[in-house]
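Participant: The following block contains the structure, expressed as structure tokens.
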Amino acid sequence: MSKIISILNCDQNYGIGKRNGLLFRLPADMAFFKASTLGHVVAMGENTLLSFPKQKPLKDRVNIVLSQDETHNYEDVVNVHSFDEFLKQIRANCADNDVFIIGGASIYRQMLPYVDEVWLNKVSADGEAEVFFVNMDEREDFELVEKKEPVMDNGYQTQVHIYRKIR
């Protein structure tokens, strides 16, 4: 059965972003992200799309983009302009495929009640973040079901933690 999965990395304080960008340059994490999402659906807010190289959608994936501005419509993506429409598109696409929620912070927060899993790559460092994710270890509606082996990635120790919603 297909799932809705939030996929992201965070620093030791659950920080996830600074100046609409990532906190760390992590090639192994990027490779994990690409391998995980390739051929699936990715759903994001407009600022996440705009943070990509040349502001182009991710290749070989269906890209759903939420923009509150109805005049903002991007090429090669499914454009939606309300959270309800965003959720409807995610659910429609989830019938046949996993849907990965890929940011930004507001989208992660709004989607948390709807996701089945959170794949959180924790970095053992302080990224001096301005934007934070929730502490998944304090959530009573999710349980930690798997920890991948720690990896050194560009000088940082990282470890993927998988949390599953408790039904």
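In the structure tokens, chains take the letters A, B, ... in the order shown, each chain's residues start at 1, and ligands count up from 1 in the order shown.
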List every residue of stretch 39-127 of chain A that DSSP, applied to the backbone, labels as alpha helix (DSSP H), and write the result as JSON, numbers by chain.
Facilitator: {"A": [46, 47, 48, 49, 50, 83, 84, 85, 86, 87, 88, 89, 90, 91, 92, 93, 94, 105, 106, 107, 108, 109, 110, 111]}
Participant: Please tabulate, as CSV, the residues of stretch 29-71 of chain A that come within 10 Å of stretch 1-11 of chain A, each with its closest pair of atoms and the distance in Å to one decimal, counting only C-alpha atoms and ordering rows by chain, then residue number upward.
Facilitator:
```
residue,atom,partner,partner_atom,distance
A:Asp29,CA,A:Asn9,CA,8.0
A:Met30,CA,A:Asn9,CA,9.9
A:Phe33,CA,A:Ile7,CA,7.6
A:Ser36,CA,A:Ile7,CA,9.0
A:Thr37,CA,A:Ile7,CA,9.1
A:Val41,CA,A:Ile4,CA,9.5
A:Val42,CA,A:Ile5,CA,9.5
A:Ala43,CA,A:Ser6,CA,9.4
```
Participant: Suppose we keep C-alpha atoms; can you now write the selection as a tab-separated table (two decimals), in the first residue's frame?
Facilitator:
```tsv
chain	number	residue	atom	x	y	z
A	29	ASP	CA	21.93	12.46	2.18
A	30	MET	CA	21.16	13.93	-1.26
A	33	PHE	CA	16.85	11.47	-1.01
A	36	SER	CA	14.12	7.25	-2.18
A	37	THR	CA	12.00	9.67	-4.22
A	41	VAL	CA	5.59	11.82	-6.22
A	42	VAL	CA	7.11	14.78	-4.36
A	43	ALA	CA	4.93	17.46	-2.79
```
Participant: Write out as a PyMOL selection string the residues lying within 9 Å of stretch 49-55 of chain A, counting only C-alpha atoms and excluding same-chain residues fewer than 6 positions away.
Facilitator: chain A and resi 20-21+65
Participant: Pick out each residue of stretch 1-158 of chain A that DSSP on the backbone tags as strand (DSSP E); I need them as a ChimeraX atom specification.
Facilitator: /A:4-10,15-17,41-45,62-66,78-80,99-101,117-123,131-132,142-147,151-153,156-158
Participant: Tell me which protein, DNA and RNA residues are within 9 Å of A:Val134, counting only C-alpha atoms, leaving out same-chain ones fewer than 5 positions away, and put them as a list in words.
Facilitator: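 In the requested form, the answer reads Tyr14, Gly15, Arg109 and Arg139 of chain A.
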Participant: Go ahead and write the selection's residues with C-alpha atoms as a PDB file, in the first residue's frame.
Facilitator:
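Contents of again-v3.pdb, as written:
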```pdb
ATOM      1  CA  TYR A  14      15.693  19.700  14.987  1.00  0.00           C
ATOM      2  CA  GLY A  15      16.714  22.709  12.877  1.00  0.00           C
ATOM      3  CA  ARG A 109       4.007  21.136   9.894  1.00  0.00           C
ATOM      4  CA  ARG A 139       5.337  12.775  19.726  1.00  0.00           C
TER       5      ARG A 139
END
```
